[in-house]
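The block underneath contains the structure these notes are about, expressed in structure tokens.
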Amino acid sequence: MSDATLLVKIESHVRNLFALHPQPFLFYHNLSHTEKVVKHNAALSGYYHLAAQHHFILMTTAWFHDTGHLFGDMENHEERSVTLMTKYLEDSISPLYLKEIQQCIMATKMPVHPMNILEKIICDADTWHLGTEDFPQEDKNVWRELEARRGKTFENKAALSLKFMQQHQFYTSYCIQQLSEGKLENEAALRAIL
């Protein structure tokens, strides 16, 4: 089976996981977020002219990276995502591909330390919104989800979001160039609330 054909099956499989295991508290880590990460991964893959096998690894990572949220708490969701991906693909792709996808999924675990271009791309795609005008709404969704899952209200959300923003960095030259200015504007907007 070609990588392109397999990617169609992977997309369908992950969409089914979200449909069959809906979690009402996933205001942020939902199918919409996954679709955005897929879209940004595809754009960065094209920008960097990645080889076909690296494109496949990246797109598979994007589809599976948050599936673990459907089957447990926030902690260790990356490990569960790795398990779900491995179970689905271990008979279809080489162990080398599997290992690279596993490493790319685990690269999104906070605090992130991406080691190569694929890991840098998935980390940047995952936090893309920090540098866009979607940030205020996405940040609200993050907090809604966190409060629903933790069963408590967080005070000073703006300060906590600002701290996260200050510790965050983009890793690809593309995102540094395209999103840094928007990120600084979003940080300024948070400071204005404090």
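Every chain in the structure tokens has a letter given in the order shown (A, B, ...), and although residue numbers restart at 1 in each chain, ligands are simply numbered from 1 in the order shown.
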
Residues near Ile193 of chain A, cut-off 12 Å, only C-alpha atoms, skip fewer than 2 positions along chain, as a VMD selection string: chain A and resid 136 156 to 162 186 to 191

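Around Asp3 of chain A, within 10 Å and counting only C-alpha atoms, the residues found are Val8, Lys9, Ala52, Gln53, His55, Phe56, Ile57, Thr60, Ser92 and Ile93 of chain A, once anything fewer than 5 positions away on its own chain is removed.
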
Just write the chosen residues, all heavy atoms, as a tab-separated table (two decimals), in the first residue's frame.
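Generated file (part.tsv):
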```tsv
chain	number	residue	atom	x	y	z
A	8	VAL	N	-4.65	8.24	3.90
A	8	VAL	CA	-6.11	8.39	3.81
A	8	VAL	C	-6.77	7.49	4.86
A	8	VAL	O	-7.71	7.90	5.55
A	8	VAL	CB	-6.61	8.05	2.39
A	8	VAL	CG1	-8.12	7.99	2.33
A	8	VAL	CG2	-6.08	9.08	1.39
A	9	LYS	N	-6.26	6.28	4.99
A	9	LYS	CA	-6.80	5.33	5.99
A	9	LYS	C	-6.55	5.82	7.41
A	9	LYS	O	-7.40	5.70	8.29
A	9	LYS	CB	-6.19	3.94	5.79
A	9	LYS	CG	-6.61	3.26	4.49
A	9	LYS	CD	-6.00	1.88	4.36
A	9	LYS	CE	-6.77	0.87	5.18
A	9	LYS	NZ	-7.34	-0.21	4.38
A	52	ALA	N	9.33	12.17	0.64
A	52	ALA	CA	8.01	11.52	0.81
A	52	ALA	C	7.91	10.77	2.14
A	52	ALA	O	6.89	10.85	2.82
A	52	ALA	CB	7.74	10.59	-0.36
A	53	GLN	N	8.96	10.03	2.51
A	53	GLN	CA	8.86	9.24	3.75
A	53	GLN	C	8.80	10.14	4.98
A	53	GLN	O	8.11	9.84	5.95
A	53	GLN	CB	9.99	8.20	3.88
A	53	GLN	CG	11.37	8.76	4.21
A	53	GLN	CD	12.18	9.05	2.96
A	53	GLN	OE1	11.63	9.30	1.88
A	53	GLN	NE2	13.49	9.05	3.10
A	55	HIS	N	7.50	13.20	4.96
A	55	HIS	CA	6.14	13.76	4.91
A	55	HIS	C	5.16	12.77	5.56
A	55	HIS	O	4.31	13.16	6.36
A	55	HIS	CB	5.74	14.06	3.47
A	55	HIS	CG	4.35	14.59	3.34
A	55	HIS	ND1	4.01	15.90	3.63
A	55	HIS	CD2	3.19	13.97	2.97
A	55	HIS	CE1	2.70	16.06	3.44
A	55	HIS	NE2	2.19	14.91	3.04
A	56	PHE	N	5.29	11.50	5.21
A	56	PHE	CA	4.41	10.47	5.78
A	56	PHE	C	4.55	10.41	7.30
A	56	PHE	O	3.55	10.37	8.03
A	56	PHE	CB	4.73	9.09	5.16
A	56	PHE	CG	3.97	7.97	5.80
A	56	PHE	CD1	2.66	7.71	5.44
A	56	PHE	CD2	4.54	7.19	6.80
A	56	PHE	CE1	1.93	6.69	6.04
A	56	PHE	CE2	3.83	6.16	7.41
A	56	PHE	CZ	2.52	5.92	7.03
A	57	ILE	N	5.77	10.40	7.79
A	57	ILE	CA	6.03	10.34	9.24
A	57	ILE	C	5.39	11.53	9.94
A	57	ILE	O	4.70	11.39	10.95
A	57	ILE	CB	7.55	10.28	9.51
A	57	ILE	CG1	8.11	8.91	9.11
A	57	ILE	CG2	7.88	10.59	10.98
A	57	ILE	CD1	9.61	8.86	8.93
A	60	THR	N	1.45	11.38	9.78
A	60	THR	CA	0.95	10.34	10.69
A	60	THR	C	1.04	10.84	12.13
A	60	THR	O	0.10	10.67	12.92
A	60	THR	CB	1.75	9.04	10.51
A	60	THR	OG1	1.64	8.62	9.15
A	60	THR	CG2	1.23	7.93	11.42
A	92	SER	N	1.62	-2.54	9.17
A	92	SER	CA	1.55	-1.87	7.87
A	92	SER	C	2.83	-1.15	7.46
A	92	SER	O	3.04	-0.89	6.28
A	92	SER	CB	0.42	-0.84	7.86
A	92	SER	OG	-0.79	-1.42	8.30
A	93	ILE	N	3.65	-0.77	8.45
A	93	ILE	CA	4.85	0.01	8.12
A	93	ILE	C	6.07	-0.59	8.80
A	93	ILE	O	5.95	-1.40	9.72
A	93	ILE	CB	4.70	1.50	8.51
A	93	ILE	CG1	4.48	1.66	10.02
A	93	ILE	CG2	3.57	2.16	7.73
A	93	ILE	CD1	4.45	3.11	10.48
```

Every residue of segment 35-150 of chain A that DSSP places in alpha helix (DSSP H), as a PyMOL selection string: chain A and resi 35-47+52-64+77-89+95-106+117-126+135-150

Between atom CA of Thr172 of chain A and atom CA of Phe18 of chain A, distance in Å (one decimal):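 Between these atoms lies a distance of 29.2 Å.
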
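Counting only C-alpha atoms, the residue from A:Lys87, A:His29, A:His77, A:His13 that sits nearest to Glu138 of chain A is A:His29.
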
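Taking atom CA of Glu185 of chain A and atom CA of Ser45 of chain A as the two end points, the separation is 26.6 Å.
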
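For the pair atom CA of Ile121 of chain A and atom CA of Phe27 of chain A, the separation is 23.5 Å.
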
Close residues, Met115 of chain A itself excluded, 10 Å, only C-alpha atoms, min 5 positions apart in chain, as a PyMOL selection string: chain A and resi 103-104+107+120

Print the selection's residues with N, CA, C and O atoms to a file, as a compact mmCIF listing (two decimals), in the first residue's frame.
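The new file out31.txt reads:
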```txt
# COMPACT_ATOMS: atom_id res chain seq x y z
N GLN A 103 8.84 8.75 18.14
CA GLN A 103 9.71 9.82 18.64
C GLN A 103 9.10 11.20 18.37
O GLN A 103 9.19 12.09 19.22
N CYS A 104 8.48 11.36 17.21
CA CYS A 104 7.84 12.65 16.88
C CYS A 104 6.66 12.93 17.79
O CYS A 104 6.46 14.08 18.23
N ALA A 107 7.95 13.94 21.10
CA ALA A 107 8.60 15.26 21.05
C ALA A 107 7.62 16.38 21.44
O ALA A 107 8.05 17.48 21.81
N LYS A 120 10.88 19.38 15.24
CA LYS A 120 10.70 20.83 15.32
C LYS A 120 9.39 21.25 14.63
O LYS A 120 8.65 22.10 15.13
```

Distance criterion (only C-alpha atoms): nearest to Leu17 of chain A out of A:His69, A:His40, A:Lys109, A:Lys99: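 Closest residue, counting only C-alpha atoms: A:His69.
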
Counting only C-alpha atoms, the residue of A:Ala148, A:Leu44, A:Leu96, A:Met85 that sits nearest Ile122 of chain A: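 Looking at the shortest contact to Ile122 of chain A, the residue is A:Leu44.
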
Nearest-residue call for Val142 of chain A, choices A:His129, A:His49, A:His21, A:Lys39, using only C-alpha atoms: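 Closest residue, counting only C-alpha atoms: A:His129.
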
Counting only C-alpha atoms, the option among A:Phe170, A:Tyr48, A:His54, A:Glu181 closest to His113 of chain A: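 Residue with the minimum atom-to-atom distance to His113 of chain A: A:Phe170.
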
Residues within 12 Å of Gln178 of chain A, only C-alpha atoms, excluding chain neighbours under 4 positions, as a list in words: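 Final neighbour list, sorted by chain and number: Leu44, Asp124, Trp128, His129, Leu130, Gly131, Thr132, Phe170, Tyr171, Thr172, Ser173, Tyr174, Gly182, Lys183 and Leu184 of chain A.
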
Would you export the selected residues with C-alpha atoms as an mmCIF file, in the first residue's frame, please?
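Wrote it out as result-v3.cif, contents follow:
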```cif
data_model
loop_
_atom_site.group_PDB
_atom_site.id
_atom_site.type_symbol
_atom_site.label_atom_id
_atom_site.label_comp_id
_atom_site.auth_asym_id
_atom_site.auth_seq_id
_atom_site.Cartn_x
_atom_site.Cartn_y
_atom_site.Cartn_z
ATOM 1 C CA LEU A 44 5.759 23.144 6.694
ATOM 2 C CA ASP A 124 5.674 24.322 16.012
ATOM 3 C CA TRP A 128 1.043 27.569 16.026
ATOM 4 C CA HIS A 129 -1.888 29.500 17.516
ATOM 5 C CA LEU A 130 0.414 31.287 19.991
ATOM 6 C CA GLY A 131 1.523 33.523 17.128
ATOM 7 C CA THR A 132 -1.853 34.130 15.497
ATOM 8 C CA PHE A 170 9.288 28.332 17.901
ATOM 9 C CA TYR A 171 11.954 26.077 16.403
ATOM 10 C CA THR A 172 11.583 26.241 12.620
ATOM 11 C CA SER A 173 12.939 29.244 10.731
ATOM 12 C CA TYR A 174 9.530 29.551 9.030
ATOM 13 C CA GLY A 182 2.049 37.828 16.435
ATOM 14 C CA LYS A 183 3.256 36.004 19.536
ATOM 15 C CA LEU A 184 4.738 39.219 20.947
#
```

Met106 of chain A environment, 12 Å, only C-alpha atoms, sequence neighbours closer than 5 positions dropped, as a list in words: Thr61, Ala62, Phe64, His65, Asp66, Gly68, Asn76, His77, Glu78, Glu79, Arg80, Ser81, Val82, Thr83, Met85, Lys99, Glu100, Ile101, Pro111, Val112, His113, Pro114, Met115, Leu118, Glu119, Lys120, Ile122 and Cys123 of chain A
